[in-house]
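Student: Sharing model_2.txt below, compact mmCIF, C-alpha atoms:
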```txt
# COMPACT_ATOMS: atom_id res chain seq x y z
CA MET E 30 65.57 146.31 149.20
CA PRO E 31 66.29 148.43 146.13
CA LYS E 32 63.62 150.96 145.40
CA VAL E 33 61.91 150.27 142.13
CA LEU E 34 59.37 152.55 140.56
CA ASP E 35 57.19 149.61 139.69
CA ARG E 36 58.44 146.07 140.05
CA GLU E 37 55.87 144.75 137.58
CA ALA E 38 56.94 147.34 135.06
CA HIS E 39 60.53 146.27 135.56
CA ALA E 40 59.59 142.67 134.86
CA ALA E 41 57.47 143.76 131.92
CA GLU E 42 60.37 145.67 130.44
CA TRP E 43 62.62 142.60 130.57
CA ASN E 44 59.84 140.43 129.19
CA TYR E 45 59.45 142.88 126.34
CA LEU E 46 63.17 142.74 125.63
CA TYR E 47 63.14 138.95 125.60
CA ASN E 48 59.97 138.82 123.49
CA ARG E 49 61.62 141.17 121.01
CA GLY E 50 63.88 138.32 120.09
CA ALA E 51 67.24 140.12 120.23
CA PHE E 52 69.48 139.40 123.18
CA PRO E 53 72.77 141.24 122.75
CA TRP E 54 73.63 140.45 126.36
CA ARG E 55 73.15 136.71 125.88
CA SER E 56 75.81 134.48 127.39
CA GLY E 57 77.72 132.01 125.29
CA GLY E 58 78.00 129.65 128.25
CA ILE E 59 80.38 129.58 131.16
CA THR E 60 83.92 130.53 130.36
CA GLU E 61 86.88 128.27 130.99
CA THR E 62 87.89 130.66 133.75
CA THR E 63 84.52 130.29 135.46
CA ARG E 64 84.80 126.55 135.14
CA ARG E 65 88.22 126.58 136.75
CA LEU E 66 87.16 128.91 139.55
CA LEU E 67 84.19 126.70 140.34
CA ALA E 68 86.28 123.55 140.27
CA THR E 69 88.89 125.13 142.51
CA TYR E 70 86.82 126.90 145.14
CA ALA E 71 83.28 125.49 145.28
CA GLN E 72 82.67 123.43 148.39
CA GLY E 73 79.15 122.16 147.82
CA PRO E 74 76.59 121.42 145.12
CA ARG E 75 73.81 123.97 145.74
CA LEU E 76 74.23 126.71 143.16
CA LEU E 77 72.06 129.79 142.59
CA GLU E 78 72.36 131.87 139.45
CA ALA E 79 71.12 135.45 139.77
CA GLY E 80 69.67 136.72 136.51
CA CYS E 81 69.80 133.44 134.64
CA GLY E 82 67.97 134.81 131.58
CA LEU E 83 67.54 132.10 128.98
CA GLY E 84 69.55 129.66 131.06
CA ASP E 85 72.49 129.67 128.68
CA ASP E 86 74.92 128.66 131.42
CA SER E 87 72.66 126.26 133.28
CA ALA E 88 73.31 122.99 131.47
CA GLN E 89 77.06 123.31 131.76
CA LEU E 90 76.77 124.05 135.47
CA ALA E 91 74.54 121.03 135.98
CA GLU E 92 76.99 118.91 134.03
CA MET E 93 79.65 119.99 136.50
CA GLY E 94 77.55 118.38 139.20
CA PHE E 95 75.81 121.41 140.63
CA ASP E 96 72.24 121.37 141.86
CA TYR E 97 71.24 124.42 139.83
CA LEU E 98 68.57 127.03 140.56
CA GLY E 99 68.27 129.91 138.11
CA VAL E 100 66.33 133.02 139.07
CA ASP E 101 65.28 135.80 136.74
CA ILE E 102 62.68 138.53 136.93
CA ALA E 103 61.63 137.95 133.31
CA ALA E 104 59.08 135.14 133.27
CA THR E 105 59.35 134.96 129.49
CA ALA E 106 63.04 134.16 129.71
CA VAL E 107 62.59 131.70 132.54
CA GLY E 108 59.83 129.88 130.65
CA SER E 109 62.08 129.58 127.64
CA ALA E 110 64.98 128.44 129.81
CA ALA E 111 62.88 125.75 131.46
CA ALA E 112 61.59 124.54 128.10
CA THR E 113 65.05 124.44 126.57
CA HIS E 114 67.03 123.07 129.46
CA SER E 115 65.35 120.30 131.32
CA GLY E 116 67.12 117.63 133.23
CA ARG E 117 68.39 116.51 136.55
CA GLY E 118 69.74 119.21 138.75
CA LEU E 119 68.10 122.05 136.82
CA ARG E 120 65.43 124.32 138.26
CA PHE E 121 64.28 127.76 137.18
CA LEU E 122 62.25 130.35 139.03
CA ALA E 123 60.67 133.56 137.74
CA ALA E 124 61.30 135.85 140.67
CA ASP E 125 63.09 138.95 141.82
CA PHE E 126 66.52 138.06 143.16
CA PHE E 127 66.26 140.77 145.78
CA THR E 128 63.03 139.57 147.34
CA PHE E 129 62.26 135.98 146.44
CA ARG E 130 61.68 133.65 149.35
CA SER E 131 64.28 130.97 149.51
CA PRO E 132 65.90 128.99 152.25
CA PRO E 133 69.45 130.30 152.65
CA GLY E 134 72.46 128.08 152.57
CA PHE E 135 73.51 128.05 148.94
CA ASP E 136 77.04 126.83 148.42
CA VAL E 137 77.61 128.94 145.33
CA LEU E 138 76.13 132.14 143.94
CA TYR E 139 76.93 132.80 140.30
CA ASP E 140 76.06 135.85 138.28
CA LYS E 141 77.16 136.88 134.83
CA GLY E 142 76.38 140.45 133.96
CA PHE E 143 74.02 141.02 136.87
CA PHE E 144 76.20 142.97 139.28
CA HIS E 145 77.76 145.17 136.63
CA GLY E 146 74.28 146.18 135.48
CA LEU E 147 73.17 147.49 138.86
CA ARG E 148 72.94 151.22 139.02
CA GLY E 149 74.04 152.98 142.14
CA VAL E 150 76.38 152.31 144.98
CA ARG E 151 73.57 151.64 147.40
CA ARG E 152 71.92 149.13 145.09
CA ARG E 153 75.20 147.25 144.71
CA ASN E 154 75.54 147.16 148.47
CA VAL E 155 72.02 145.75 148.73
CA PHE E 156 72.96 143.06 146.22
CA LEU E 157 76.03 142.13 148.22
CA ARG E 158 74.11 141.94 151.48
CA ARG E 159 71.49 139.79 149.80
CA ALA E 160 74.17 137.58 148.25
CA ALA E 161 75.84 137.08 151.61
CA ALA E 162 72.50 136.27 153.22
CA LEU E 163 71.66 133.62 150.64
CA LEU E 164 75.04 131.92 150.86
CA ARG E 165 76.07 129.68 153.69
CA PRO E 166 79.09 130.74 155.71
CA LYS E 167 82.19 130.29 153.55
CA GLY E 168 79.91 130.07 150.51
CA LEU E 169 81.37 131.05 147.15
CA TRP E 170 80.31 134.02 145.01
CA ILE E 171 81.52 134.10 141.42
CA THR E 172 80.69 137.15 139.37
CA VAL E 173 81.49 138.10 135.80
CA CYS E 174 81.52 141.87 135.26
CA GLY E 175 82.54 143.84 132.20
CA SER E 176 85.82 145.67 132.63
CA ALA E 177 85.94 149.42 132.11
CA ASP E 178 89.55 149.38 130.95
CA ARG E 179 88.98 148.74 127.27
CA MET E 180 85.37 149.33 126.42
CA LEU E 181 84.20 148.57 122.92
CA ASP E 182 83.30 151.52 120.72
CA ASP E 183 80.70 149.68 118.67
CA PHE E 184 78.96 147.74 121.41
CA MET E 185 77.84 149.10 124.73
CA HIS E 186 78.24 146.74 127.64
CA GLY E 187 78.28 146.80 131.39
CA ALA E 188 81.62 148.04 132.62
CA ILE E 189 83.20 148.61 135.98
CA PHE E 190 86.60 149.48 137.34
CA LEU E 191 87.91 146.86 139.69
CA ARG E 192 87.90 149.07 142.74
CA ASP E 193 84.15 149.54 142.40
CA LEU E 194 83.74 145.78 142.46
CA VAL E 195 86.25 144.91 145.15
CA SER E 196 85.67 147.75 147.56
CA PRO E 197 82.02 147.00 148.43
CA ALA E 198 82.49 143.23 148.11
CA GLU E 199 85.22 143.01 150.73
CA VAL E 200 82.75 144.03 153.42
CA TYR E 201 81.07 140.64 153.13
CA PHE E 202 83.51 138.52 151.16
CA GLU E 203 87.11 137.40 151.26
CA LEU E 204 88.61 137.75 147.79
CA LEU E 205 90.09 134.55 146.42
CA GLU E 206 90.95 135.29 142.81
CA ILE E 207 90.31 137.88 140.13
CA VAL E 208 91.07 137.38 136.45
CA LYS E 209 90.41 139.59 133.44
CA VAL E 210 89.46 137.49 130.41
CA PRO E 211 86.81 137.71 127.68
CA TYR E 212 83.23 137.81 128.96
CA GLY E 213 81.98 134.89 126.90
CA LEU E 214 79.23 136.60 124.94
CA ALA E 215 77.12 134.49 122.59
CA GLN E 216 77.81 137.06 119.86
CA THR E 217 81.54 136.47 119.93
CA ILE E 218 82.20 139.36 117.56
CA HIS E 219 81.20 141.73 120.37
CA ASP E 220 82.98 139.93 123.18
CA PHE E 221 84.63 142.24 125.67
CA GLU E 222 86.99 141.93 128.61
CA ALA E 223 85.45 141.02 131.92
CA TRP E 224 86.47 140.58 135.51
CA HIS E 225 85.95 137.05 136.77
CA MET E 226 85.99 137.29 140.55
CA ALA E 227 85.76 134.48 143.06
CA CYS E 228 85.27 135.32 146.71
CA ARG E 229 84.19 133.56 149.84
CA ARG E 230 81.55 134.73 152.27
CA ARG E 231 83.04 135.81 155.57
CA MET V 24 118.65 179.36 142.54
CA LYS V 25 116.22 176.62 143.35
CA LYS V 26 115.90 173.91 140.74
CA TYR V 27 112.66 172.21 139.97
CA THR V 28 112.20 168.88 138.29
CA ARG V 29 109.71 169.06 135.50
CA VAL V 30 106.89 166.57 135.91
CA GLU V 31 105.76 165.24 132.60
CA PRO V 32 102.02 164.92 132.15
CA VAL V 33 100.94 161.30 132.30
CA PRO V 34 97.71 159.75 131.13
CA ARG V 35 95.14 159.22 133.82
CA LEU V 36 91.51 158.28 134.10
CA SER V 37 89.06 161.08 133.86
CA PRO V 38 87.05 161.77 137.03
CA ASP V 39 83.91 161.36 134.95
CA ARG V 40 84.74 157.79 133.96
CA LEU V 41 85.62 156.92 137.53
CA ARG V 42 82.36 158.40 138.74
CA ARG V 43 80.32 156.56 136.14
CA SER V 44 81.99 153.27 137.02
CA ARG V 45 81.20 153.87 140.68
CA GLU V 46 77.59 154.73 139.94
CA GLY V 47 77.07 151.91 137.48
CA THR V 48 76.31 154.11 134.51
CA LEU V 49 79.41 153.47 132.45
CA GLY V 50 77.72 150.93 130.24
CA ARG V 51 74.24 150.84 128.82
CA PHE V 52 71.72 148.47 130.29
CA PRO V 53 68.40 147.52 128.80
CA SER V 54 66.07 148.59 131.56
CA GLY V 55 68.14 150.11 134.28
CA ASP V 56 66.29 153.40 133.95
CA LEU V 57 63.25 151.92 135.60
CA TYR V 58 64.94 152.20 138.91
CA GLU V 59 64.34 155.29 140.97
CA PRO V 60 67.36 157.51 141.28
CA GLU V 61 69.13 157.05 144.53
CA PRO V 62 68.34 159.52 147.29
CA GLU V 63 70.82 162.31 147.71
CA LYS V 64 73.40 161.88 150.42
CA GLY V 65 71.84 162.57 153.76
CA GLN V 66 68.34 162.28 152.38
CA ALA V 67 67.79 158.59 153.15
CA GLY V 68 64.80 158.12 155.42
CA ASN V 69 63.04 161.28 154.30
CA HIS V 70 60.07 159.20 153.25
CA LEU V 71 59.51 158.31 156.90
CA PRO V 72 57.13 160.30 159.09
CA GLU V 73 58.69 162.90 161.34
CA SER V 74 58.02 160.81 164.43
CA ALA V 75 59.86 157.84 162.97
CA LYS V 76 62.81 160.01 161.99
CA LEU V 77 62.95 161.40 165.49
CA GLY V 78 62.89 157.84 166.81
CA LEU V 79 65.74 156.87 164.53
CA LEU V 80 67.77 159.85 165.63
CA THR V 81 67.23 159.29 169.33
CA GLY V 82 67.28 155.53 169.24
CA LYS V 83 63.74 155.39 170.63
CA ARG V 84 61.08 153.38 168.89
```
Mind converting the file's structure to structure tokens?
Tutor:
Amino acid sequence: MPKVLDREAHAAEWNYLYNRGAFPWRSGGITETTRRLLATYAQGPRLLEAGCGLGDDSAQLAEMGFDYLGVDIAATAVGSAAATHSGRGLRFLAADFFTFRSPPGFDVLYDKGFFHGLRGVRRRNVFLRRAAALLRPKGLWITVCGSADRMLDDFMHGAIFLRDLVSPAEVYFELLEIVKVPYGLAQTIHDFEAWHMACRRR
Amino acid sequence: MKKYTRVEPVPRLSPDRLRRSREGTLGRFPSGDLYEPEPEKGQAGNHLPESAKLGLLTGKR
């Protein structure tokens, strides 16, 4: 479990950021690449999104036929997501991805901008172990992480070189496909290049 | 006389950028600073009592 100074403070900080009303990290929905990766490699309907935020990707994922559960530590964001996106196959939970109690066996884990925001090698390893534990064997993990190759000068974003994504992931996952395409930010003017990686739990 | 081939300098990533990518500090994240810094290498487990550390080292519980 990652060490946090104060988990409630961490949640409060995110709630503050969401209450502030400016979400520069907000997703503009799933990208065409994500859609293709899901259609190609997903082998079941149970999908978990880590760090779902305002649920910007949830409706599209449900439309694809997934039984969607979005988890985020910011209750403010989750409340807004649940109010905005209601329908069959959509559930939201205000909880810490690292510790929330859930039956394992998800077919798909999806995160957009969660992994690339984790600080520290150990914390990333904890994420990967947790991801592998939540997925069923051969379950699919799709992550969208900002690329460090061409970072924007006027907009700071999460960024990672591929080796720092692949190297720890291969311990638990078999890599299926990696593509570098735009992240799919809601503020398209700030969109940046991002790794889209699909891998299968060993 | 021995001849040497001149190696032209080529662009390469700075060690600092590589390090920051590895440590997850290359971008800016809204609340990442709330996390405790990671323990120094070799320091993991220092929060445990001496007896527990001894147990870990010897395999005894």
Student: Do you have, as a tab-separated table, the list of residues of chain E lying at most 8 Å from chain V, each with its nearest atom pair and that distance in Å to one decimal, counting only C-alpha atoms and ordered by chain then number?
Tutor:
```
residue	atom	partner	partner_atom	distance
E:Lys32	CA	V:Glu59	CA	6.2
E:Val33	CA	V:Tyr58	CA	4.8
E:Leu34	CA	V:Glu59	CA	5.7
E:Asp35	CA	V:Leu57	CA	7.7
E:Ala38	CA	V:Leu57	CA	7.8
E:His39	CA	V:Leu57	CA	6.3
E:Glu42	CA	V:Ser54	CA	6.5
E:Trp43	CA	V:Ser54	CA	7.0
E:Leu46	CA	V:Pro53	CA	7.8
E:His145	CA	V:Gly47	CA	6.8
E:Gly146	CA	V:Phe52	CA	6.2
E:Leu147	CA	V:Gly47	CA	6.1
E:Arg148	CA	V:Gly47	CA	4.5
E:Gly149	CA	V:Glu46	CA	4.5
E:Val150	CA	V:Glu46	CA	5.7
E:Arg151	CA	V:Glu61	CA	7.6
E:Ala177	CA	V:Ser44	CA	7.4
E:Met185	CA	V:Arg51	CA	5.7
E:His186	CA	V:Gly50	CA	5.0
E:Gly187	CA	V:Gly50	CA	4.3
E:Ala188	CA	V:Gly50	CA	5.4
E:Ile189	CA	V:Ser44	CA	4.9
E:Phe190	CA	V:Ser44	CA	6.0
E:Asp193	CA	V:Arg45	CA	5.5
```
Student: Taking only C-alpha atoms into account, name the residue in E:Leu163, E:Ala215, E:Val107, E:Leu194 that is nearest to Thr128 (chain E).
Tutor: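 Among the listed residues, the smallest separation from Thr128 (chain E) belongs to E:Leu163.
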Student: Do you have the CA of Tyr70 (chain E)-CA of Ala161 (chain E) distance handy?
Tutor: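 CA of Ala161 (chain E) lies 16.3 Å from CA of Tyr70 (chain E).
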Student: What is the distance between CA of Val100 (chain E) and CA of Leu164 (chain E), in Å to one decimal?
Tutor: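 One can read the CA of Val100 (chain E) to CA of Leu164 (chain E) distance as 14.7 Å.
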Student: Would you mind telling me which residue in E:Ala198, E:Met93, E:Val173, E:Ala123 lies nearest to Pro211 (chain E) when using all atoms listed in the file?
Tutor: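 Closest residue, counting all atoms listed in the file: E:Val173.
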Student: Using CA of Asp183 (chain E) and CA of Pro53 (chain E) as the two end points, give the distance in Å to one decimal.
Tutor: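 Computed distance, CA of Asp183 (chain E) to CA of Pro53 (chain E), equals 12.3 Å.
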